[in-house]
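Presented below is the structure to which this report refers.
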Amino acid sequence: MLSRPDVVECPQCLGEARRRIATPHLARADSTAMALHDATRATADRPAVVTAPPPPPRRQKFTTNPLHRKLPRP
């Protein structure tokens, strides 16, 4: 990056084109995506503290009826 020229020739007008450093358009991102990025950055050094483990998953009802085997599965 240090060996890049400060001035280059413009391919359209053949004039001098100076190098400019610009910021990306970060503010134009979707608000939902930006909220996700903000939440991710916030929890990187301050993770959420929980008071108890999550509740166990609900058990599915199991049937032994042979006719139920013929039903379509979701």
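Residue numbering restarts at 1 for every chain of the structure tokens, chains are lettered A, B, ... in their displayed order, and ligands are numbered from 1 as they appear.
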In chain A, DSSP alpha helix (DSSP H) residues written as a PyMOL selection string: chain A and resi 31-45
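Across the structure, atom CA of Arg4 of chain A and atom CA of Arg20 of chain A are spaced 12.0 Å apart.
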